[in-house]
>>> print(open('structure.cif').read())   # mmCIF, C-alpha atoms
data_start
#
loop_
_atom_site.label_atom_id
_atom_site.label_comp_id
_atom_site.auth_asym_id
_atom_site.auth_seq_id
_atom_site.Cartn_x
_atom_site.Cartn_y
_atom_site.Cartn_z
CA MET L 1 20.89 20.95 -8.21
CA SER L 2 17.46 20.25 -9.66
CA LEU L 3 14.92 22.03 -11.75
CA SER L 4 12.34 24.36 -10.33
CA GLY L 5 9.70 22.55 -8.34
CA ALA L 6 6.93 23.78 -10.61
CA TRP L 7 8.05 21.37 -13.33
CA TYR L 8 7.71 18.41 -11.02
CA LEU L 9 4.34 19.64 -9.81
CA GLY L 10 3.14 20.06 -13.38
CA LEU L 11 4.27 16.58 -14.31
CA ALA L 12 2.56 15.16 -11.22
CA ALA L 13 -0.64 16.99 -12.15
CA VAL L 14 -0.58 15.50 -15.64
CA VAL L 15 0.05 11.98 -14.32
CA PHE L 16 -2.72 12.40 -11.76
CA SER L 17 -5.14 13.49 -14.48
CA ILE L 18 -4.21 10.56 -16.71
CA GLY L 19 -4.86 8.22 -13.77
CA ALA L 20 -8.21 9.85 -13.02
CA LEU L 21 -9.21 9.65 -16.67
CA GLY L 22 -8.30 5.97 -16.79
CA LEU L 23 -10.28 5.33 -13.62
CA LEU L 24 -13.33 6.93 -15.22
CA VAL L 25 -13.00 5.38 -18.66
CA ARG L 26 -11.77 1.82 -18.16
CA ARG L 27 -14.09 -0.97 -17.05
CA ASN L 28 -11.61 -3.68 -16.14
CA VAL L 29 -11.28 -3.50 -12.36
CA LEU L 30 -7.60 -4.45 -12.38
CA VAL L 31 -6.77 -1.63 -14.79
CA MET L 32 -8.80 0.73 -12.64
CA PHE L 33 -6.66 -0.27 -9.68
CA MET L 34 -3.54 0.46 -11.69
CA CYS L 35 -4.92 3.90 -12.46
CA VAL L 36 -5.39 4.47 -8.73
CA GLU L 37 -1.73 3.54 -8.31
CA LEU L 38 -0.85 6.16 -10.93
CA MET L 39 -2.74 8.79 -8.96
CA LEU L 40 -1.02 7.75 -5.73
CA ASN L 41 2.34 8.01 -7.43
CA ALA L 42 1.56 11.48 -8.69
CA ALA L 43 0.70 12.46 -5.13
CA ASN L 44 3.98 10.93 -3.92
CA LEU L 45 5.91 12.94 -6.48
CA THR L 46 4.19 16.08 -5.23
CA PHE L 47 5.09 15.25 -1.64
CA VAL L 48 8.75 14.73 -2.49
CA THR L 49 8.84 17.93 -4.50
CA PHE L 50 7.39 19.95 -1.64
CA SER L 51 9.78 18.22 0.74
CA ARG L 52 12.65 19.56 -1.32
CA MET L 53 11.16 23.01 -1.88
CA LEU L 54 10.40 23.57 1.80
CA ASN L 55 13.42 21.61 3.07
CA ASP L 56 11.17 19.56 5.33
CA ILE L 57 11.58 15.83 5.80
CA GLY L 58 7.87 15.48 6.63
CA GLY L 59 6.98 15.17 2.97
CA GLN L 60 9.19 12.15 2.55
CA ALA L 61 7.78 10.59 5.72
CA LEU L 62 4.30 11.02 4.28
CA VAL L 63 5.36 9.25 1.08
CA PHE L 64 6.51 6.40 3.31
CA PHE L 65 3.06 6.10 4.82
CA THR L 66 1.35 6.47 1.44
CA LEU L 67 3.30 3.45 0.26
CA VAL L 68 1.98 1.39 3.17
CA VAL L 69 -1.60 2.48 2.56
CA ALA L 70 -1.25 1.73 -1.16
CA ALA L 71 0.01 -1.76 -0.40
CA ALA L 72 -2.84 -2.46 2.02
CA GLU L 73 -5.38 -1.06 -0.42
CA VAL L 74 -4.12 -3.23 -3.26
CA VAL L 75 -4.18 -6.36 -1.10
CA VAL L 76 -7.76 -5.85 0.05
CA GLY L 77 -8.94 -4.64 -3.35
CA LEU L 78 -7.51 -7.60 -5.18
CA GLY L 79 -9.05 -9.88 -2.54
CA ILE L 80 -12.46 -8.39 -3.36
CA VAL L 81 -11.81 -8.81 -7.08
CA VAL L 82 -10.90 -12.48 -6.60
CA ALA L 83 -13.97 -13.08 -4.44
CA ILE L 84 -16.29 -11.50 -7.02
CA PHE L 85 -14.58 -13.27 -9.90
CA ARG L 86 -15.33 -16.60 -8.22
CA ARG L 87 -19.03 -15.85 -8.42
CA ARG L 88 -19.30 -13.97 -11.69
CA ARG L 89 -16.43 -15.24 -13.86
CA SER L 90 -15.53 -11.77 -15.05
CA ALA L 91 -13.75 -8.74 -13.70
CA THR L 92 -15.46 -5.67 -15.10
CA ALA L 93 -16.92 -2.92 -12.99
CA ASP L 94 -20.40 -3.70 -14.30
CA ASP L 95 -20.46 -6.82 -12.16
CA PHE L 96 -19.96 -4.93 -8.92
CA HIS L 97 -23.58 -3.94 -8.57
CA ILE L 98 -23.98 -7.14 -6.57
CA MET L 99 -22.16 -5.33 -3.75
CA ARG L 100 -25.16 -3.03 -3.37
CA GLY L 101 -26.52 -3.41 0.13
CA MET G 102 13.89 29.90 1.34
CA PRO G 103 16.01 26.87 0.54
CA ALA G 104 16.52 27.95 -3.06
CA PRO G 105 14.78 25.37 -5.22
CA LEU G 106 16.41 26.91 -8.26
CA LEU G 107 20.05 26.78 -7.37
CA ALA G 108 21.92 26.12 -10.57
CA ALA G 109 19.87 23.66 -12.56
CA THR G 110 22.45 22.22 -14.91
CA THR G 111 21.86 20.85 -18.37
CA VAL G 112 22.25 17.32 -17.05
CA ASP G 113 19.48 17.90 -14.54
CA ALA G 114 17.18 19.29 -17.19
CA LEU G 115 17.97 16.37 -19.49
CA THR G 116 17.39 13.81 -16.74
CA PHE G 117 14.08 15.42 -15.90
CA ALA G 118 13.03 15.48 -19.55
CA VAL G 119 13.86 11.82 -20.14
CA ALA G 120 12.22 10.72 -16.90
CA ALA G 121 9.14 12.82 -17.64
CA VAL G 122 8.79 11.25 -21.08
CA ILE G 123 9.10 7.78 -19.53
CA VAL G 124 6.54 8.58 -16.84
CA LEU G 125 4.03 10.06 -19.27
CA ALA G 126 4.41 7.30 -21.84
CA GLY G 127 3.92 4.69 -19.14
CA ALA G 128 0.89 6.47 -17.70
CA ILE G 129 -0.78 6.79 -21.08
CA GLY G 130 0.09 3.17 -21.80
CA VAL G 131 -1.65 2.03 -18.61
CA VAL G 132 -4.85 3.71 -19.70
CA VAL G 133 -4.91 2.77 -23.39
CA ALA G 134 -3.45 -0.75 -23.31
CA ARG G 135 -6.15 -3.27 -24.13
CA ASN G 136 -4.47 -6.17 -22.37
CA PRO G 137 -4.23 -5.87 -18.55
CA VAL G 138 -0.77 -7.46 -18.62
CA HIS G 139 0.48 -4.68 -20.88
CA SER G 140 -1.08 -2.16 -18.51
CA ALA G 141 0.86 -3.68 -15.61
CA LEU G 142 4.14 -3.52 -17.52
CA MET G 143 3.47 0.09 -18.49
CA LEU G 144 2.83 0.78 -14.80
CA VAL G 145 6.30 -0.58 -14.02
CA MET G 146 7.72 1.87 -16.54
CA THR G 147 5.98 4.78 -14.87
CA LEU G 148 7.15 3.66 -11.43
CA PHE G 149 10.76 3.54 -12.57
CA GLY G 150 10.44 7.00 -14.06
CA VAL G 151 9.07 8.34 -10.79
CA ALA G 152 11.96 6.66 -8.95
CA VAL G 153 14.39 8.55 -11.19
CA LEU G 154 12.61 11.78 -10.32
CA PHE G 155 12.91 10.89 -6.62
CA VAL G 156 16.66 10.40 -6.98
CA GLU G 157 16.93 13.71 -8.74
CA GLN G 158 15.31 15.37 -5.74
CA GLN G 159 17.62 13.73 -3.19
CA ALA G 160 15.06 11.24 -1.96
CA ASN G 161 17.31 8.23 -2.46
CA PHE G 162 15.72 5.97 0.12
CA LEU G 163 12.25 6.55 -1.28
CA ALA G 164 13.50 5.79 -4.78
CA ALA G 165 14.82 2.43 -3.59
CA VAL G 166 11.58 1.71 -1.74
CA GLN G 167 9.61 2.74 -4.79
CA VAL G 168 11.41 0.20 -6.95
CA ILE G 169 11.33 -2.59 -4.37
CA VAL G 170 7.81 -2.18 -3.03
CA TYR G 171 5.91 -0.81 -6.01
CA ALA G 172 7.66 -2.32 -9.01
CA GLY G 173 8.76 -5.40 -7.15
CA ALA G 174 5.80 -6.30 -4.97
CA ILE G 175 2.63 -4.48 -5.93
CA VAL G 176 2.93 -4.95 -9.69
CA VAL G 177 3.84 -8.60 -9.18
CA LEU G 178 0.69 -8.91 -7.08
CA PHE G 179 -1.28 -7.37 -9.95
CA LEU G 180 0.27 -9.74 -12.47
CA PHE G 181 -0.33 -12.68 -10.15
CA VAL G 182 -4.03 -11.86 -9.87
CA ILE G 183 -4.31 -11.27 -13.63
CA MET G 184 -2.80 -14.66 -14.35
CA PHE G 185 -4.74 -16.33 -11.54
CA LEU G 186 -8.07 -15.08 -12.82
CA GLY G 187 -7.14 -15.55 -16.45
CA VAL G 188 -8.48 -12.15 -17.46
CA ASP G 189 -5.51 -11.39 -19.69
CA ARG G 190 -7.63 -11.29 -22.81
CA GLU G 191 -8.10 -8.09 -24.69
CA GLU G 192 -10.90 -5.74 -23.88
CA SER G 193 -12.42 -3.69 -26.65
CA LEU G 194 -12.10 -0.01 -25.87
CA ALA G 195 -14.48 0.93 -28.66
CA LYS G 196 -17.60 -0.22 -26.86
CA GLU G 197 -19.12 2.42 -24.63
CA PRO G 198 -21.67 1.04 -22.20
CA LEU G 199 -22.76 4.39 -20.82
CA ARG G 200 -23.65 6.86 -23.51
CA GLY G 201 -21.78 10.12 -23.21
CA GLN G 202 -19.77 9.01 -20.21
CA ARG G 203 -16.42 9.05 -21.99
CA PRO G 204 -16.60 12.61 -23.44
CA LEU G 205 -17.84 13.81 -20.07
CA ALA G 206 -14.93 12.08 -18.30
CA ILE G 207 -12.39 13.58 -20.70
CA GLY G 208 -13.92 17.04 -20.36
CA LEU G 209 -13.91 16.94 -16.57
CA THR G 210 -10.35 15.61 -16.49
CA VAL G 211 -9.07 18.35 -18.78
CA LEU G 212 -10.84 20.93 -16.63
CA GLY G 213 -9.25 19.55 -13.47
CA LEU G 214 -5.84 19.34 -15.11
CA ALA G 215 -6.08 22.95 -16.23
CA GLY G 216 -6.83 24.00 -12.68
CA LEU G 217 -3.92 21.98 -11.31
CA LEU G 218 -1.48 23.36 -13.89
CA VAL G 219 -2.54 26.93 -13.22
CA MET G 220 -1.83 26.30 -9.55
CA ALA G 221 1.48 24.54 -10.20
CA PHE G 222 2.93 27.21 -12.49
CA GLY G 223 1.07 30.30 -11.40
CA ALA G 224 1.14 30.19 -7.61
CA HIS G 225 3.90 30.93 -5.14
CA TRP G 226 4.28 27.66 -3.37
CA SER G 227 7.13 27.92 -0.92
CA ILE G 228 5.64 30.39 1.47
CA GLY G 229 4.66 28.57 4.64
CA ALA G 230 6.34 27.54 7.84
CA LYS G 231 9.37 25.35 7.32
CA SER G 232 10.91 22.34 8.98
CA VAL G 233 8.05 21.15 11.08
CA ALA G 234 9.52 17.67 11.03
CA GLY G 235 13.15 18.63 10.64
CA PRO G 236 15.17 19.72 7.63
CA ALA G 237 15.57 17.38 4.67
CA GLN G 238 18.89 18.55 3.31
CA GLY G 239 22.30 18.94 4.87
CA GLN G 240 21.74 16.29 7.53
CA ALA G 241 24.36 13.89 8.78
CA GLY G 242 23.74 10.53 7.17
CA GLY G 243 21.79 11.99 4.27
CA ASP G 244 18.11 11.54 3.59
CA VAL G 245 18.04 8.00 4.97
CA ALA G 246 19.08 9.08 8.45
CA ALA G 247 16.84 12.14 8.37
CA LEU G 248 13.83 10.10 7.27
CA GLY G 249 14.51 7.40 9.84
CA ARG G 250 14.86 9.92 12.63
CA SER G 251 11.62 11.60 11.59
CA VAL G 252 9.62 8.38 11.28
CA PHE G 253 10.77 7.04 14.62
CA THR G 254 10.34 10.27 16.58
CA THR G 255 7.82 12.70 15.12
CA TYR G 256 5.71 10.10 13.37
CA LEU G 257 6.17 7.21 15.78
CA PHE G 258 2.48 6.86 16.57
CA ALA G 259 1.55 6.86 12.89
CA PHE G 260 4.20 4.25 12.32
CA GLU G 261 2.73 2.03 15.04
CA VAL G 262 -0.79 2.43 13.65
CA THR G 263 0.61 1.42 10.27
CA SER G 264 1.53 -1.99 11.63
CA ALA G 265 -2.06 -2.48 12.79
CA LEU G 266 -3.28 -1.43 9.34
CA LEU G 267 -1.07 -4.00 7.67
CA VAL G 268 -2.22 -6.80 9.96
CA ILE G 269 -5.86 -5.86 9.34
CA ALA G 270 -5.26 -5.81 5.59
CA VAL G 271 -3.66 -9.25 5.65
CA VAL G 272 -6.50 -10.72 7.72
CA GLY G 273 -9.07 -9.04 5.47
CA ALA G 274 -7.45 -10.40 2.35
CA VAL G 275 -7.47 -13.91 3.77
CA VAL G 276 -11.12 -13.63 4.79
CA LEU G 277 -12.05 -12.34 1.34
CA ALA G 278 -10.05 -14.89 -0.58
CA ARG G 279 -11.15 -18.02 1.23
CA ARG G 280 -13.80 -20.22 -0.26
CA PRO G 281 -17.32 -19.27 0.86
CA GLY G 282 -18.88 -21.67 3.34
CA GLY G 283 -15.83 -23.86 3.55
CA VAL G 284 -13.24 -24.38 6.22
CA LEU G 285 -9.76 -23.52 5.06
CA GLY G 286 -7.98 -26.69 4.07
CA GLY G 287 -10.88 -28.64 5.51
CA SER G 288 -13.43 -31.07 4.15
CA ASP G 289 -14.03 -29.27 0.86
CA ALA G 290 -10.64 -30.37 -0.31
CA GLU G 291 -12.27 -33.60 -1.48
CA PRO G 292 -12.28 -33.60 -5.29
CA ASP G 293 -15.84 -34.91 -5.66
CA ALA G 294 -17.41 -32.18 -3.55
CA PRO G 295 -18.00 -29.19 -5.88
CA PRO G 296 -21.09 -29.72 -8.06
CA ALA G 297 -23.57 -31.31 -5.69
CA ASP G 298 -23.49 -29.65 -2.28
CA THR G 299 -23.19 -26.18 -0.82
CA ASP G 300 -20.15 -25.19 -2.84
CA THR G 301 -21.67 -22.18 -4.55
CA ASP G 302 -18.66 -20.65 -6.13
CA THR G 303 -18.68 -22.73 -9.29
CA ASP G 304 -20.59 -21.16 -12.14
CA THR G 305 -24.24 -20.53 -11.53
CA ASP G 306 -25.05 -18.65 -14.70
CA SER G 307 -23.50 -20.57 -17.57
CA ASP G 308 -24.87 -23.20 -19.91
CA PRO G 309 -24.60 -26.92 -19.08
CA GLY G 310 -21.76 -27.69 -21.48
CA SER G 311 -19.41 -25.11 -20.12
CA ALA G 312 -20.57 -25.93 -16.61
CA ALA G 313 -19.28 -29.46 -17.14
CA ASP G 314 -15.99 -27.99 -18.32
CA ALA G 315 -15.86 -25.73 -15.31
CA GLU G 316 -16.43 -28.70 -13.03
CA ALA G 317 -13.55 -30.54 -14.60
CA ASP G 318 -11.39 -27.48 -14.04
CA THR G 319 -12.61 -27.07 -10.51
CA ASP G 320 -11.74 -30.62 -9.60
CA VAL G 321 -8.14 -29.98 -10.44
CA GLU G 322 -8.08 -26.56 -8.84
CA THR G 323 -9.78 -27.44 -5.59
CA GLY G 324 -6.88 -29.41 -4.22
CA ASP G 325 -4.42 -26.71 -5.20
CA ARG G 326 -6.47 -23.99 -3.65
CA ALA G 327 -7.00 -25.88 -0.45
CA ALA G 328 -3.29 -26.48 -0.21
CA ALA G 329 -2.59 -22.82 -0.95
CA GLY G 330 -5.22 -21.85 1.62
CA ALA G 331 -3.56 -23.93 4.28
CA GLY G 332 -0.21 -22.37 3.42
CA THR G 333 -1.63 -18.88 3.60
CA GLU G 334 -3.18 -19.53 6.95
CA ALA G 335 0.09 -20.71 8.40
CA ASP G 336 1.84 -17.68 6.90
CA VAL G 337 -0.65 -15.28 8.37
CA GLY G 338 -0.31 -16.79 11.78
CA ALA G 339 3.42 -16.32 11.60
CA GLU G 340 3.01 -12.78 10.33
CA VAL G 341 0.59 -11.78 13.02
CA GLN G 342 2.93 -13.11 15.62
CA SER G 343 5.99 -11.44 14.18
CA GLY G 344 4.02 -8.22 13.74
CA ALA G 345 3.08 -8.24 17.40
CA GLY G 346 6.66 -9.02 18.29
CA ALA G 347 7.91 -6.12 16.21
CA ASP G 348 5.41 -3.83 17.91
CA VAL G 349 6.66 -4.79 21.32
CA ALA G 350 10.26 -4.38 20.24
CA THR G 351 9.63 -0.92 18.83
CA LYS G 352 7.82 0.19 21.94
CA GLU G 353 10.67 -0.97 24.09
CA VAL G 354 13.09 0.98 21.98
CA SER G 355 10.99 4.10 22.20
CA ARG G 356 10.93 4.05 25.98
#
>>> encode(input="structure.cif", output="structure tokens")
Amino acid sequence: MSLSGAWYLGLAAVVFSIGALGLLVRRNVLVMFMCVELMLNAANLTFVTFSRMLNDIGGQALVFFTLVVAAAEVVVGLGIVVAIFRRRRSATADDFHIMRG
Amino acid sequence: MPAPLLAATTVDALTFAVAAVIVLAGAIGVVVARNPVHSALMLVMTLFGVAVLFVEQQANFLAAVQVIVYAGAIVVLFLFVIMFLGVDREESLAKEPLRGQRPLAIGLTVLGLAGLLVMAFGAHWSIGAKSVAGPAQGQAGGDVAALGRSVFTTYLFAFEVTSALLVIAVVGAVVLARRPGGVLGGSDAEPDAPPADTDTDTDTDSDPGSAADAEADTDVETGDRAAAGAGTEADVGAEVQSGAGADVATKEVSR
């Protein structure tokens, strides 16, 4: 049927690392959000792979919930970005120090 | 053990290789693209590649959801915000505001990746208890039926909480996106309001010339935004109501 699960897990690890690297290196908040999406997708791929390896539907159900959380996170995050952009006219992470309490 | 290795054919290996190349190219593109719009398009590429990998692992429903929700909705939301804010100009990647942060980030990432790869290829993964939530393969109706049965029985409570999460997210987004100090669709829709009174969201830190420009822009935008705000409010009301209705319906079914 499919390849050994280790290949999928390795690919997911690489994608997760690329996303983490982008999150650390980039300063544009929107690109940072996209990198978070990359990491979430790598986690989803891992869940589906384990679901197949262990023959357990729970992994796919978890991916379902991860999708919902990702959607909610993006909506709220982009709302924050828009709100800050209104005040500061730019969208780099350096401007977010105004959120300090 | 459900035999993860049963007869991987050449076609499977080829599909995996092509999808992996697509996924990796897209992921690298997201990180190195200087224009946020290009990053978003590269993200779409990665998402499609992951959907192919889902199909290859018999997760057909999730592949469809991946394309519809991620590539169709979330990336469009990203693009919408990019265009709305007008931040689609290029960002120079050469400038490094924090000295030594980038080499440190790369070093840490490589270290973490090495650990993950050692675990992925060196460990015996499929050892634990199986089928806590029911088997994935060999079910009547395929993965769609199995996933639906699992979500609406084993994970019913999580599913219900999810609806609350979505409603909270929608309300939070509306609260964050509305104009500070103003009533939605209210008196600040007047075009001559912005510069003089409490409307603080126009530029506070730019020079007078560009401030005048910004005011001219704002005059045009204010009406639009107020109209959009009113629309959003009506939408949210409808959504909250339908969400509550859906909750009630699901609970009735579960009884």
>>> closest_residue(input="structure.cif", among="G:Ala237, G:Val176, G:Val112, G:Met184", to="chain L", atoms="only C-alpha atoms")
G:Ala237
>>> atom_distance(input="structure.cif", atom1="atom CA of L:Phe33", atom2="atom CA of L:Gly77")
8.0 Å
>>> axis_aligned_box(input="structure.cif", around="stretch 58-75 of chain L", padding_each_side="8 Å", output="JSON")
{"center_x": 1.9, "center_y": 4.6, "center_z": 1.7, "size_x": 30.6, "size_y": 37.8, "size_z": 25.9}
>>> closest_residue(input="structure.cif", among="G:Val132, G:Phe185, G:Phe149, G:Ala164", to="chain L", atoms="all atoms listed in the file")
G:Val132
>>> residues_near_point(input="structure.cif", point="(6.8, 17.4, -4.8)", cutoff="9 Å", atoms="all atoms listed in the file", output="MDAnalysis selection string")
(chainID L and resid 5:6 8:9 12 42:53 59) or (chainID G and resid 158)
>>> closest_atom_pairs(input="structure.cif", of="chain L", to="chain G", cutoff="6 Å", atoms="only C-alpha atoms", output="CSV")
residue,atom,partner,partner_atom,distance
L:Met1,CA,G:Ala109,CA,5.2
L:Ser2,CA,G:Ala109,CA,5.1
L:Leu3,CA,G:Ala109,CA,5.3
L:Ser4,CA,G:Leu106,CA,5.2
L:Ala6,CA,G:Ala221,CA,5.5
L:Leu9,CA,G:Ala221,CA,5.7
L:Gly10,CA,G:Leu218,CA,5.7
L:Ser17,CA,G:Leu214,CA,5.9
L:Gly22,CA,G:Val132,CA,5.0
L:Met53,CA,G:Pro105,CA,5.5
L:Leu54,CA,G:Lys231,CA,5.9
L:Asn55,CA,G:Ala237,CA,5.0
L:Asp56,CA,G:Ser232,CA,4.6
L:Ile57,CA,G:Ala237,CA,4.4
L:Gly58,CA,G:Ala234,CA,5.2
L:Ala72,CA,G:Ala270,CA,5.5
L:Val76,CA,G:Ala274,CA,5.1
L:Gly79,CA,G:Ala274,CA,5.2
L:Ala83,CA,G:Ala278,CA,5.8
L:Arg86,CA,G:Asp302,CA,5.6
L:Arg87,CA,G:Asp302,CA,5.3
>>> closest_residue(input="structure.cif", among="G:Phe181, G:Arg200, G:Ala165, G:Ala172", to="L:Phe64", atoms="only C-alpha atoms")
G:Ala165
>>> closest_residue(input="structure.cif", among="G:Asn161, G:Val119, G:Phe258, G:Gly173", to="L:Ala71", atoms="all atoms listed in the file")
G:Gly173
>>> residues_near_point(input="structure.cif", point="(-0.8, 8.6, -11.4)", cutoff="7 Å", atoms="all atoms listed in the file", output="list in words")
Val15, Phe16, Ile18, Gly19, Cys35, Val36, Glu37, Leu38, Met39, Leu40, Asn41 and Ala42 of chain L; Ala128 of chain G
>>> atom_distance(input="structure.cif", atom1="atom CA of G:Val177", atom2="atom CA of L:Ala61")
24.6 Å
>>> closest_residue(input="structure.cif", among="L:Leu11, L:Val25, L:Thr66, L:Met32", to="L:Val81", atoms="all atoms listed in the file")
L:Met32
>>> atom_distance(input="structure.cif", atom1="atom CA of G:Gly201", atom2="atom CA of L:Arg27")
14.8 Å
>>> closest_residue(input="structure.cif", among="L:Ile80, L:Ala13, L:Phe65, L:Ala93", to="L:Val29", atoms="all atoms listed in the file")
L:Ala93
